[in-house]
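Next comes structure04.cif, with mmCIF, C-alpha atoms and all ligand atoms.
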data_upload
loop_
_atom_site.label_atom_id
_atom_site.label_comp_id
_atom_site.auth_asym_id
_atom_site.auth_seq_id
_atom_site.Cartn_x
_atom_site.Cartn_y
_atom_site.Cartn_z
CA MET P 1 0.00 0.00 0.00
CA LEU P 2 0.90 3.65 -0.31
CA PRO P 3 2.89 5.20 2.50
CA LYS P 4 0.65 7.17 4.84
CA PRO P 5 0.96 10.95 4.51
CA LYS P 6 2.57 12.76 7.43
CA LYS P 7 -0.63 14.52 8.17
CA ILE P 8 -3.79 12.51 7.60
CA ARG P 9 -6.57 14.84 6.63
CA GLU P 10 -10.12 14.18 7.72
CA ILE P 11 -12.32 14.16 4.68
CA TYR P 12 -16.00 13.47 5.08
CA PHE P 13 -17.85 12.20 2.02
CA ASP P 14 -20.75 10.59 3.92
CA HIS P 15 -23.26 13.42 4.33
CA ALA P 16 -26.14 11.18 3.25
CA ALA P 17 -25.55 9.06 6.36
CA THR P 18 -25.56 12.12 8.56
CA ALA P 19 -24.03 15.57 8.56
CA TYR P 20 -22.34 17.71 11.19
CA THR P 21 -24.72 20.18 12.80
CA ASP P 22 -24.46 23.68 11.33
CA GLU P 23 -23.00 26.20 13.81
CA ARG P 24 -26.00 28.49 13.27
CA VAL P 25 -28.27 25.61 14.21
CA VAL P 26 -26.30 24.80 17.35
CA LYS P 27 -26.49 28.47 18.31
CA ALA P 28 -30.26 28.52 17.85
CA MET P 29 -30.65 25.37 19.96
CA LEU P 30 -28.42 26.27 22.91
CA PRO P 31 -30.85 28.52 24.83
CA TYR P 32 -33.36 25.66 24.93
CA TYR P 33 -31.23 23.44 27.14
CA SER P 34 -30.64 25.35 30.33
CA LYS P 35 -32.24 28.76 29.84
CA THR P 36 -35.63 28.05 28.33
CA TYR P 37 -36.04 24.60 29.78
CA GLY P 38 -39.76 24.35 30.54
CA ASN P 39 -42.13 21.60 29.48
CA PRO P 40 -44.27 23.02 26.65
CA SER P 41 -47.36 21.52 28.31
CA SER P 42 -46.82 23.41 31.57
CA LEU P 43 -49.03 26.41 32.14
CA HIS P 44 -46.44 28.56 33.89
CA ARG P 45 -44.06 30.95 32.27
CA ALA P 46 -41.19 28.49 31.62
CA GLY P 47 -43.68 26.19 29.96
CA ARG P 48 -45.25 28.94 27.89
CA GLU P 49 -41.83 30.04 26.62
CA ALA P 50 -40.94 26.51 25.54
CA ASN P 51 -44.34 26.13 23.94
CA ALA P 52 -43.84 29.37 22.02
CA ALA P 53 -40.53 28.04 20.65
CA VAL P 54 -42.19 24.81 19.50
CA ASN P 55 -45.03 26.70 17.85
CA ASP P 56 -42.68 29.14 16.20
CA SER P 57 -40.67 26.25 14.74
CA ARG P 58 -43.86 24.57 13.56
CA ARG P 59 -44.92 27.77 11.80
CA LYS P 60 -41.56 28.11 10.06
CA ILE P 61 -41.63 24.55 8.75
CA ALA P 62 -45.27 24.86 7.69
CA GLN P 63 -44.46 27.99 5.71
CA ILE P 64 -41.66 26.23 3.82
CA LEU P 65 -44.00 23.33 2.99
CA HIS P 66 -46.91 25.66 2.10
CA ALA P 67 -48.89 23.89 4.80
CA LEU P 68 -50.68 24.85 7.98
CA PRO P 69 -48.82 24.67 11.31
CA GLU P 70 -51.27 22.13 12.72
CA ASN P 71 -50.38 19.75 9.89
CA ILE P 72 -46.78 19.38 11.10
CA ILE P 73 -46.20 16.66 13.71
CA PHE P 74 -42.80 16.47 15.39
CA VAL P 75 -41.37 12.98 15.92
CA GLY P 76 -38.06 11.37 16.83
CA GLY P 77 -36.40 11.23 13.39
CA GLY P 78 -36.94 10.12 9.82
CA THR P 79 -37.61 6.51 10.79
CA ALA P 80 -40.23 7.54 13.34
CA SER P 81 -41.89 9.76 10.75
CA ASP P 82 -41.96 7.03 8.08
CA ASN P 83 -43.31 4.52 10.60
CA LEU P 84 -46.02 6.90 11.77
CA ALA P 85 -47.11 7.53 8.18
CA ILE P 86 -47.27 3.82 7.32
CA TYR P 87 -48.70 2.33 10.51
CA GLY P 88 -50.80 5.38 11.34
CA MET P 89 -52.46 5.27 7.91
CA ALA P 90 -52.81 1.49 7.92
CA ARG P 91 -54.48 1.37 11.33
CA ALA P 92 -56.85 4.22 10.60
CA HIS P 93 -57.95 3.05 7.15
CA GLU P 94 -57.84 -0.75 7.16
CA GLN P 95 -61.65 -0.91 6.99
CA ARG P 96 -61.39 0.63 3.59
CA GLY P 97 -58.70 -1.65 2.14
CA LYS P 98 -55.44 -3.37 2.89
CA HIS P 99 -53.29 -2.61 -0.12
CA ILE P 100 -50.24 -0.31 -0.22
CA ILE P 101 -48.03 0.58 -3.20
CA THR P 102 -44.35 1.43 -2.94
CA ILE P 103 -41.03 0.98 -4.80
CA PRO P 104 -38.28 -1.54 -4.01
CA ILE P 105 -35.56 1.10 -3.41
CA GLU P 106 -37.21 2.79 -0.41
CA HIS P 107 -35.33 3.19 2.85
CA HIS P 108 -35.77 0.33 5.32
CA ALA P 109 -37.78 2.72 7.49
CA ILE P 110 -40.53 2.20 4.87
CA LEU P 111 -39.81 -1.33 3.67
CA HIS P 112 -39.61 -3.01 7.06
CA PRO P 113 -42.94 -1.67 8.38
CA LEU P 114 -44.52 -2.75 5.08
CA GLU P 115 -43.06 -6.25 5.42
CA ASP P 116 -44.50 -6.33 8.92
CA LEU P 117 -47.94 -5.31 7.62
CA GLU P 118 -47.67 -8.02 4.98
CA LYS P 119 -47.44 -10.58 7.78
CA GLN P 120 -50.66 -9.12 9.15
CA GLY P 121 -52.56 -9.75 5.94
CA TRP P 122 -51.84 -6.57 4.00
CA LYS P 123 -50.95 -6.74 0.32
CA ILE P 124 -47.92 -4.74 -0.77
CA THR P 125 -47.14 -3.95 -4.41
CA LYS P 126 -43.59 -2.86 -5.17
CA VAL P 127 -43.64 -1.18 -8.56
CA LYS P 128 -40.41 -1.84 -10.47
CA VAL P 129 -37.87 0.90 -11.09
CA ASN P 130 -35.73 1.05 -14.24
CA GLU P 131 -31.97 0.54 -14.34
CA GLU P 132 -31.40 4.14 -13.22
CA GLY P 133 -33.86 3.85 -10.34
CA PHE P 134 -36.83 5.76 -11.78
CA VAL P 135 -40.38 4.62 -11.28
CA SER P 136 -42.91 5.45 -13.97
CA PRO P 137 -45.99 7.40 -12.78
CA GLU P 138 -48.00 5.46 -15.37
CA GLU P 139 -46.95 2.15 -13.75
CA ILE P 140 -47.97 3.49 -10.35
CA TYR P 141 -51.34 4.49 -11.77
CA LYS P 142 -51.85 1.04 -13.29
CA SER P 143 -51.14 -0.69 -10.00
CA ILE P 144 -53.81 1.20 -8.03
CA ARG P 145 -56.68 -1.07 -6.92
CA PRO P 146 -60.02 -0.31 -5.27
CA ASP P 147 -58.51 -1.40 -1.93
CA THR P 148 -55.32 0.71 -2.23
CA VAL P 149 -55.23 3.11 0.70
CA LEU P 150 -51.66 4.43 0.50
CA ILE P 151 -48.86 4.98 -1.98
CA SER P 152 -45.38 5.71 -0.63
CA VAL P 153 -42.57 6.79 -2.97
CA MET P 154 -39.38 8.46 -1.77
CA TYR P 155 -38.49 11.92 -3.12
CA THR P 156 -34.79 11.11 -3.57
CA ASN P 157 -32.97 7.87 -2.92
CA ASN P 158 -30.26 7.87 -0.28
CA GLU P 159 -27.92 5.47 -2.10
CA ILE P 160 -28.05 6.41 -5.76
CA GLY P 161 -29.46 9.94 -5.59
CA VAL P 162 -32.26 9.36 -8.09
CA ILE P 163 -34.97 12.05 -7.85
CA GLU P 164 -38.35 10.40 -8.34
CA PRO P 165 -41.08 12.22 -10.31
CA ILE P 166 -43.14 12.97 -7.19
CA ALA P 167 -45.32 15.73 -8.67
CA ASP P 168 -46.18 13.54 -11.68
CA ILE P 169 -47.04 10.61 -9.44
CA GLY P 170 -49.17 12.99 -7.36
CA ARG P 171 -51.01 14.02 -10.51
CA VAL P 172 -51.85 10.46 -11.61
CA ILE P 173 -53.11 9.72 -8.10
CA LEU P 174 -55.35 12.82 -8.26
CA LYS P 175 -56.58 11.60 -11.65
CA TYR P 176 -57.45 8.18 -10.20
CA ARG P 177 -59.33 9.75 -7.29
CA LYS P 178 -61.32 11.97 -9.61
CA GLU P 179 -62.19 9.16 -12.01
CA HIS P 180 -63.31 6.93 -9.16
CA ASN P 181 -64.78 9.65 -6.98
CA THR P 182 -62.80 8.58 -3.93
CA PRO P 183 -60.31 10.27 -1.56
CA TYR P 184 -58.06 7.17 -1.82
CA PRO P 185 -55.26 6.34 -2.22
CA TYR P 186 -53.32 8.80 -0.11
CA PHE P 187 -49.76 9.70 -1.07
CA HIS P 188 -46.67 9.76 1.19
CA THR P 189 -43.15 10.79 0.27
CA ASP P 190 -39.96 10.37 2.29
CA ALA P 191 -38.10 13.65 1.73
CA CYS P 192 -35.22 13.08 4.18
CA GLN P 193 -32.57 13.31 1.46
CA ALA P 194 -34.38 15.90 -0.63
CA ALA P 195 -34.95 18.53 2.04
CA GLY P 196 -31.50 20.07 1.69
CA TYR P 197 -31.69 20.53 -2.08
CA LEU P 198 -35.22 20.48 -3.48
CA SER P 199 -38.49 22.34 -3.13
CA LEU P 200 -40.83 20.94 -0.47
CA ASP P 201 -44.07 22.61 -1.57
CA VAL P 202 -46.67 19.96 -0.72
CA GLU P 203 -49.23 21.62 -3.01
CA LYS P 204 -46.99 21.42 -6.05
CA LEU P 205 -45.89 17.89 -5.16
CA HIS P 206 -49.52 16.80 -4.54
CA VAL P 207 -48.53 14.79 -1.49
CA ASP P 208 -50.65 14.07 1.59
CA PHE P 209 -47.79 13.03 3.87
CA LEU P 210 -44.16 14.14 3.81
CA THR P 211 -41.29 12.92 5.99
CA LEU P 212 -38.42 15.15 7.13
CA ASN P 213 -35.49 14.64 9.45
CA GLY P 214 -32.84 16.85 11.00
CA SER P 215 -29.65 14.86 10.65
CA LYS P 216 -29.44 14.86 6.84
CA ILE P 217 -29.80 18.64 6.58
CA TYR P 218 -27.10 19.76 9.04
CA GLY P 219 -29.62 19.75 11.86
CA PRO P 220 -29.72 17.70 15.05
CA LYS P 221 -30.05 13.91 15.06
CA GLY P 222 -33.07 12.15 16.51
CA ILE P 223 -35.63 14.71 15.38
CA GLY P 224 -37.99 14.61 12.43
CA ALA P 225 -41.42 15.70 11.32
CA LEU P 226 -44.38 14.32 9.46
CA TYR P 227 -46.60 16.58 7.38
CA ILE P 228 -50.19 15.33 7.32
CA ARG P 229 -52.69 16.96 4.97
CA ARG P 230 -55.67 18.55 6.68
CA GLY P 231 -58.61 16.24 7.23
CA ILE P 232 -56.72 12.96 6.94
CA LYS P 233 -57.03 10.76 10.01
CA ILE P 234 -54.18 8.60 11.20
CA LYS P 235 -53.73 6.60 14.40
CA PRO P 236 -50.89 7.24 16.84
CA MET P 237 -48.23 4.62 17.60
CA ILE P 238 -47.20 6.09 20.93
CA LEU P 239 -49.81 6.73 23.58
CA GLY P 240 -49.53 8.90 26.65
CA GLY P 241 -49.96 12.63 27.09
CA GLY P 242 -51.77 14.40 24.30
CA GLN P 243 -48.76 16.08 22.68
CA GLU P 244 -48.59 16.69 18.94
CA ARG P 245 -52.37 16.47 18.46
CA ASN P 246 -52.33 13.07 20.21
CA LEU P 247 -50.11 11.69 17.45
CA ASN P 248 -46.78 11.57 19.27
CA ALA P 249 -47.15 11.49 23.03
CA GLY P 250 -44.24 12.49 25.23
CA THR P 251 -42.47 15.69 26.24
CA GLU P 252 -41.35 17.50 23.11
CA ASN P 253 -37.64 17.58 22.19
CA VAL P 254 -37.65 21.39 22.31
CA PRO P 255 -33.99 22.01 21.33
CA GLY P 256 -34.31 19.39 18.58
CA ILE P 257 -37.47 20.99 17.22
CA VAL P 258 -35.88 24.46 17.22
CA GLY P 259 -32.81 22.97 15.51
CA LEU P 260 -34.84 21.16 12.86
CA ALA P 261 -36.70 24.35 11.94
CA LYS P 262 -33.48 26.38 11.80
CA ALA P 263 -31.68 23.73 9.73
CA LEU P 264 -34.57 23.50 7.27
CA GLU P 265 -34.78 27.26 6.97
CA ILE P 266 -31.05 27.54 6.19
CA ALA P 267 -31.10 24.57 3.80
CA GLN P 268 -34.06 25.91 1.85
CA ASN P 269 -32.67 29.46 1.72
CA GLU P 270 -29.31 28.26 0.45
CA LYS P 271 -30.35 25.37 -1.76
CA GLU P 272 -29.65 27.01 -5.13
CA LYS P 273 -26.15 27.98 -4.08
CA GLU P 274 -25.51 24.55 -2.53
CA ASN P 275 -26.84 22.71 -5.57
CA LYS P 276 -24.48 24.65 -7.81
CA LYS P 277 -21.50 23.99 -5.59
CA MET P 278 -22.29 20.28 -5.15
CA ARG P 279 -22.95 19.76 -8.84
CA LYS P 280 -19.61 21.32 -9.74
CA LEU P 281 -17.76 19.26 -7.17
CA SER P 282 -19.40 15.96 -8.10
CA LEU P 283 -18.73 16.59 -11.80
CA TYR P 284 -15.10 17.28 -10.94
CA LEU P 285 -14.81 14.10 -8.87
CA TRP P 286 -16.50 11.96 -11.52
CA LYS P 287 -14.27 13.39 -14.25
CA LYS P 288 -11.12 12.68 -12.20
CA ILE P 289 -12.22 9.14 -11.44
CA GLN P 290 -12.97 8.46 -15.11
CA GLU P 291 -9.54 9.81 -16.07
CA LYS P 292 -7.64 7.70 -13.57
CA ILE P 293 -9.58 4.47 -13.11
CA GLN P 294 -10.81 1.87 -15.60
CA ASN P 295 -13.76 -0.48 -15.32
CA ILE P 296 -16.12 1.70 -13.37
CA LYS P 297 -19.79 2.52 -13.60
CA LEU P 298 -21.89 5.38 -12.26
CA ASN P 299 -24.95 3.89 -10.55
CA GLY P 300 -28.23 5.79 -10.82
CA PRO P 301 -29.04 8.59 -13.28
CA GLU P 302 -26.33 10.57 -15.02
CA ILE P 303 -25.20 13.74 -13.27
CA GLY P 304 -27.88 16.33 -13.98
CA ASP P 305 -31.33 17.47 -12.92
CA ASP P 306 -32.60 13.95 -12.19
CA ARG P 307 -29.88 13.24 -9.67
CA LEU P 308 -29.25 14.72 -6.24
CA SER P 309 -26.35 17.11 -6.78
CA SER P 310 -24.37 15.80 -3.81
CA ASN P 311 -24.51 12.08 -4.63
CA LEU P 312 -22.08 9.91 -6.54
CA ASN P 313 -22.44 6.13 -6.39
CA ILE P 314 -19.75 4.32 -8.32
CA THR P 315 -19.00 0.65 -8.94
CA PHE P 316 -15.35 -0.33 -9.15
CA MET P 317 -15.38 -3.69 -10.88
CA ASP P 318 -13.64 -6.70 -9.35
CA ILE P 319 -13.35 -5.37 -5.82
CA GLU P 320 -15.39 -5.28 -2.65
CA GLY P 321 -16.78 -1.85 -1.83
CA GLU P 322 -16.25 -2.55 1.84
CA SER P 323 -12.51 -3.23 1.50
CA LEU P 324 -12.15 -0.04 -0.48
CA LEU P 325 -14.04 1.89 2.18
CA LEU P 326 -11.81 0.56 4.95
CA TYR P 327 -8.60 1.35 3.06
CA LEU P 328 -9.80 4.89 2.35
CA ASP P 329 -10.62 5.28 6.02
CA GLU P 330 -6.95 4.59 6.80
CA TYR P 331 -6.16 7.77 4.88
CA GLY P 332 -8.84 9.78 6.66
CA ILE P 333 -11.37 9.56 3.84
CA MET P 334 -14.89 8.59 4.89
CA CYS P 335 -17.54 7.37 2.52
CA SER P 336 -20.02 4.48 2.43
CA THR P 337 -20.81 1.39 0.45
CA GLY P 338 -23.85 -0.32 -0.92
CA SER P 339 -22.43 -3.73 -0.23
CA ALA P 340 -22.95 -4.30 3.45
CA CYS P 341 -20.87 -7.44 3.42
CA THR P 342 -20.47 -8.39 7.02
CA SER P 343 -18.80 -11.67 7.69
CA GLU P 344 -22.15 -13.48 7.70
CA SER P 345 -23.80 -11.89 4.70
CA LEU P 346 -22.50 -11.01 1.27
CA GLU P 347 -25.76 -9.44 0.20
CA PRO P 348 -25.32 -6.26 -1.79
CA SER P 349 -27.73 -3.39 -1.20
CA HIS P 350 -31.41 -3.89 -2.01
CA VAL P 351 -31.26 -0.64 -4.00
CA LEU P 352 -28.52 -1.77 -6.38
CA ARG P 353 -30.16 -5.17 -6.80
CA ALA P 354 -33.47 -3.50 -7.67
CA LEU P 355 -31.71 -1.81 -10.60
CA GLY P 356 -31.17 -5.26 -12.05
CA MET P 357 -27.39 -5.16 -11.65
CA PRO P 358 -25.37 -8.34 -11.66
CA TYR P 359 -24.01 -9.23 -8.22
CA GLU P 360 -20.40 -8.49 -9.08
CA TYR P 361 -21.36 -4.94 -10.07
CA ALA P 362 -23.29 -4.30 -6.90
CA HIS P 363 -20.44 -5.58 -4.73
CA GLY P 364 -17.86 -3.01 -5.68
CA SER P 365 -19.98 0.05 -5.12
CA LEU P 366 -18.98 3.12 -3.17
CA ARG P 367 -21.10 6.14 -2.31
CA PHE P 368 -19.58 9.58 -2.04
CA SER P 369 -22.09 12.03 -0.61
CA LEU P 370 -20.66 15.51 -0.68
CA GLY P 371 -21.50 18.38 1.62
CA ARG P 372 -20.98 21.93 2.76
CA ARG P 373 -17.43 21.59 4.05
CA ASN P 374 -16.06 19.73 1.02
CA THR P 375 -13.69 21.49 -1.35
CA LYS P 376 -11.85 20.75 -4.57
CA GLN P 377 -8.78 20.08 -2.40
CA ASP P 378 -10.67 17.24 -0.70
CA VAL P 379 -11.29 15.65 -4.08
CA ASP P 380 -7.63 16.09 -5.03
CA TYR P 381 -6.56 14.44 -1.77
CA LEU P 382 -8.95 11.53 -2.42
CA MET P 383 -7.61 11.15 -5.95
CA LYS P 384 -4.06 10.85 -4.66
CA TYR P 385 -5.00 7.57 -3.00
CA LEU P 386 -8.12 6.14 -4.64
CA PRO P 387 -6.59 4.99 -7.96
CA VAL P 388 -3.67 3.26 -6.23
CA ILE P 389 -5.88 1.54 -3.67
CA VAL P 390 -8.28 0.38 -6.39
CA GLU P 391 -5.40 -1.01 -8.42
CA GLN P 392 -3.88 -2.86 -5.49
CA LEU P 393 -7.22 -4.27 -4.36
CA ARG P 394 -7.88 -5.48 -7.87
CA GLU P 395 -4.60 -7.32 -7.89
CA MET P 396 -5.50 -9.22 -4.77
CA SER P 397 -9.21 -9.42 -5.50
CA PRO P 398 -10.90 -12.71 -4.64
CA VAL P 399 -13.55 -11.89 -7.23
CA ARG P 400 -10.91 -11.73 -9.92
CA MET P 401 -9.05 -14.80 -8.68
CA GLU P 402 -12.32 -16.71 -8.74
CA LYS P 403 -12.85 -15.62 -12.34
CA GLN P 404 -9.34 -16.67 -13.33
CA LYS P 405 -9.83 -20.05 -11.68
CA HIS P 406 -13.01 -20.62 -13.67
CA ALA P 407 -11.23 -19.59 -16.84
CA ARG P 408 -8.51 -22.10 -16.13
CA TYR P 409 -10.89 -25.02 -15.59
CA LYS P 410 -13.02 -24.34 -18.61
C1 LIG P 501 -31.76 8.72 6.95
C2 LIG P 501 -33.02 8.38 6.28
C3 LIG P 501 -34.12 7.91 7.02
C4 LIG P 501 -34.06 7.66 8.50
O1 LIG P 501 -33.92 8.83 9.24
P1 LIG P 501 -33.42 8.77 10.78
O2 LIG P 501 -33.51 10.19 11.22
O3 LIG P 501 -32.05 8.22 10.75
O4 LIG P 501 -34.37 7.89 11.51
C5 LIG P 501 -35.27 7.63 6.31
N1 LIG P 501 -35.35 7.79 4.99
C6 LIG P 501 -34.31 8.24 4.25
C7 LIG P 501 -34.46 8.40 2.78
C8 LIG P 501 -33.11 8.54 4.87
O5 LIG P 501 -32.08 8.96 4.13
#
Rewritten as structure tokens:
Amino acid sequence: MLPKPKKIREIYFDHAATAYTDERVVKAMLPYYSKTYGNPSSLHRAGREANAAVNDSRRKIAQILHALPENIIFVGGGTASDNLAIYGMARAHEQRGKHIITIPIEHHAILHPLEDLEKQGWKITKVKVNEEGFVSPEEIYKSIRPDTVLISVMYTNNEIGVIEPIADIGRVILKYRKEHNTPYPYFHTDACQAAGYLSLDVEKLHVDFLTLNGSKIYGPKGIGALYIRRGIKIKPMILGGGQERNLNAGTENVPGIVGLAKALEIAQNEKEKENKKMRKLSLYLWKKIQEKIQNIKLNGPEIGDDRLSSNLNITFMDIEGESLLLYLDEYGIMCSTGSACTSESLEPSHVLRALGMPYEYAHGSLRFSLGRRNTKQDVDYLMKYLPVIVEQLREMSPVRMEKQKHARYK
């Protein structure tokens, strides 16, 4: 391997897993730990001040979504929000029908609750995506049945950055409802990865539920929100005090809520600038990789308007993504892989498999998710090591040795 540099830089290319909290967000949150510490349900002054902060945050988020404040429910993260949308809808509307439509590349926070519902007698249709990860609105429309109560399609995928045609899907769902004179099916989108870069106008997207979280948008971890369109009933999953319109009992995470609102406000205000910067940087990285490394493939859509500007997911043929990740980590470079090959399982990611990729392609995948602190110098540092590591791993690759063995015995 390459000699280690004297000074190992710390380079973070894993913003889609989570991001550092923006200093402005931390500053906004700080007073809500030891200064304004009341329980928002308390009637005294400390309580009223905390309650005002929660309501103010709710108003800010509602404004960004073009929604009403009462339609924003704070929960404990993106997973909690996705779960509330799925289970809350299912439990409140099962009399009407037990069919839900989704796509196979959703986050596990959607897929696992749906698998659980399947065990309880629900029918789940996963509409196929194409080799770039797109689902066709027309295919969604065709899969709607009289007993379909919910459709859940993510806004942007966390692994391959594909931006799904949410507004178009919303429109075909509206068309179905009109033709059949029914309020069903409802439409949920998981916008955790989109919130930092794309518009969240629920009217233009035609969605009834929208999931947000803090940690992917330079906000705090363990806080999220669910937008629920006015008039739609869902059932709570957590019972107790009547917080959050009885939909998420428990004392509110006041600093988290303030931080989520601040992070979303900053992200939405700066999204044009950030998109430009990320697009430029990911184009630069992709160009450098293409120049220096052979036998690679960009997974997901080509770099452009259909792809999240901060995401690059690349397959390096004949190697394990996980080995590559660990070697890069030795040089201070942090990214992630779609092949979660622990010692027990060699299963590549469900997202890459849903694109119809052969196993050997899916295995060597690496995700670079860029973010606010990244610079061109970070890419240059990465490119000092990546080509050499790839070459050396290929030389000792078990995948390749296996292939050579087969060639020999043919
Ligand atoms: C991160 C993520 C989640 C889960 O959010 P948590 O806040 O970690 O619970 C859900 N969906 C998508 C698309 C995500 O990227």
> Within 10 Å of ligand LIG 501 (chain P), counting only C-alpha atoms and all ligand atoms: which residues, as number ranges by chain?
Replying inline: P: 15-18, 75-83, 105-110, 154-159, 161, 189-194, 211-216, 220-225
>> Is it possible to get the residues within 12 Å of (-8.8, 16.4, 9.1) (coordinates as in the file, counting all atoms listed in the file) written as a list in words?
In response: Lys7, Ile8, Arg9, Glu10, Ile11, Tyr12, Asp329, Tyr331, Gly332, Ile333, Met334, Arg373, Asn374, Asp378 and Tyr381 of chain P
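With distances restricted to only C-alpha atoms, P:Lys384 is the closest residue to Pro5 in chain P from P:Lys384, P:Glu347, P:Ile169, P:Glu272.
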> For Ile160 in chain P, which of P:Asn246, P:Asn299, P:Ser143, P:Thr315 is the closest residue, counting only C-alpha atoms?
Replying inline: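 Closest candidate: P:Asn299.
For the pair CA of Tyr227 in chain P and CA of Ile72 in chain P, the interatomic distance is 4.7 Å.
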> Which is closest to Arg353 in chain P among P:Gln63, P:Ser365, P:Ser309, P:Thr375, if we use only C-alpha atoms?
Replying inline: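 Between P:Gln63, P:Ser365, P:Ser309, P:Thr375, the residue approaching Arg353 in chain P most closely is P:Ser365.
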> Which of these residues is nearest to Val135 in chain P, using all atoms listed in the file: P:Leu355, P:His363, P:Ala85, P:Lys4?
Replying inline: P:Leu355
Once 8 Å is added on each side, what are the centre and the three edge lengths, in Å to one decimal, of the axis-aligned box enclosing the listed atoms of range 9-26 of chain P? Present them as JSON.
{"center_x": -17.4, "center_y": 18.8, "center_z": 9.7, "size_x": 37.7, "size_y": 35.4, "size_z": 31.3}
>> Please determine, counting only C-alpha atoms, which residue among P:Pro113, P:Gly241, P:Pro348, P:Gly38 has the shortest atom-to-atom distance to Met89 in chain P.
In response: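 Closest residue, counting only C-alpha atoms: P:Pro113.
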>> Measuring between only C-alpha atoms, which one of P:Leu366, P:Ile319, P:Ile217, P:Leu326 shows the shortest distance to Thr21 in chain P?
In response: P:Ile217
For range 283-332 of chain P, write C-alpha atoms out as a PDB file, in the first residue's frame.
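Dumped to selection_22.pdb:
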ATOM      1  CA  LEU P 283     -18.727  16.589 -11.795  1.00  0.00           C
ATOM      2  CA  TYR P 284     -15.096  17.279 -10.940  1.00  0.00           C
ATOM      3  CA  LEU P 285     -14.809  14.105  -8.870  1.00  0.00           C
ATOM      4  CA  TRP P 286     -16.501  11.957 -11.520  1.00  0.00           C
ATOM      5  CA  LYS P 287     -14.265  13.394 -14.247  1.00  0.00           C
ATOM      6  CA  LYS P 288     -11.118  12.678 -12.203  1.00  0.00           C
ATOM      7  CA  ILE P 289     -12.223   9.137 -11.443  1.00  0.00           C
ATOM      8  CA  GLN P 290     -12.970   8.464 -15.106  1.00  0.00           C
ATOM      9  CA  GLU P 291      -9.542   9.807 -16.067  1.00  0.00           C
ATOM     10  CA  LYS P 292      -7.635   7.696 -13.572  1.00  0.00           C
ATOM     11  CA  ILE P 293      -9.584   4.466 -13.106  1.00  0.00           C
ATOM     12  CA  GLN P 294     -10.811   1.866 -15.598  1.00  0.00           C
ATOM     13  CA  ASN P 295     -13.762  -0.484 -15.322  1.00  0.00           C
ATOM     14  CA  ILE P 296     -16.116   1.696 -13.374  1.00  0.00           C
ATOM     15  CA  LYS P 297     -19.793   2.520 -13.604  1.00  0.00           C
ATOM     16  CA  LEU P 298     -21.891   5.378 -12.262  1.00  0.00           C
ATOM     17  CA  ASN P 299     -24.952   3.888 -10.550  1.00  0.00           C
ATOM     18  CA  GLY P 300     -28.226   5.788 -10.816  1.00  0.00           C
ATOM     19  CA  PRO P 301     -29.041   8.586 -13.279  1.00  0.00           C
ATOM     20  CA  GLU P 302     -26.329  10.572 -15.018  1.00  0.00           C
ATOM     21  CA  ILE P 303     -25.199  13.740 -13.268  1.00  0.00           C
ATOM     22  CA  GLY P 304     -27.879  16.333 -13.980  1.00  0.00           C
ATOM     23  CA  ASP P 305     -31.331  17.469 -12.923  1.00  0.00           C
ATOM     24  CA  ASP P 306     -32.601  13.952 -12.195  1.00  0.00           C
ATOM     25  CA  ARG P 307     -29.879  13.242  -9.672  1.00  0.00           C
ATOM     26  CA  LEU P 308     -29.251  14.719  -6.237  1.00  0.00           C
ATOM     27  CA  SER P 309     -26.351  17.114  -6.781  1.00  0.00           C
ATOM     28  CA  SER P 310     -24.370  15.798  -3.805  1.00  0.00           C
ATOM     29  CA  ASN P 311     -24.515  12.075  -4.631  1.00  0.00           C
ATOM     30  CA  LEU P 312     -22.079   9.906  -6.542  1.00  0.00           C
ATOM     31  CA  ASN P 313     -22.436   6.128  -6.388  1.00  0.00           C
ATOM     32  CA  ILE P 314     -19.752   4.316  -8.320  1.00  0.00           C
ATOM     33  CA  THR P 315     -19.005   0.652  -8.936  1.00  0.00           C
ATOM     34  CA  PHE P 316     -15.354  -0.335  -9.152  1.00  0.00           C
ATOM     35  CA  MET P 317     -15.381  -3.689 -10.883  1.00  0.00           C
ATOM     36  CA  ASP P 318     -13.641  -6.702  -9.351  1.00  0.00           C
ATOM     37  CA  ILE P 319     -13.345  -5.374  -5.821  1.00  0.00           C
ATOM     38  CA  GLU P 320     -15.386  -5.281  -2.645  1.00  0.00           C
ATOM     39  CA  GLY P 321     -16.782  -1.847  -1.825  1.00  0.00           C
ATOM     40  CA  GLU P 322     -16.248  -2.554   1.841  1.00  0.00           C
ATOM     41  CA  SER P 323     -12.509  -3.228   1.505  1.00  0.00           C
ATOM     42  CA  LEU P 324     -12.145  -0.036  -0.481  1.00  0.00           C
ATOM     43  CA  LEU P 325     -14.044   1.886   2.183  1.00  0.00           C
ATOM     44  CA  LEU P 326     -11.808   0.557   4.947  1.00  0.00           C
ATOM     45  CA  TYR P 327      -8.597   1.355   3.064  1.00  0.00           C
ATOM     46  CA  LEU P 328      -9.797   4.888   2.347  1.00  0.00           C
ATOM     47  CA  ASP P 329     -10.622   5.285   6.022  1.00  0.00           C
ATOM     48  CA  GLU P 330      -6.950   4.587   6.800  1.00  0.00           C
ATOM     49  CA  TYR P 331      -6.157   7.769   4.883  1.00  0.00           C
ATOM     50  CA  GLY P 332      -8.844   9.776   6.664  1.00  0.00           C
TER      51      GLY P 332
END
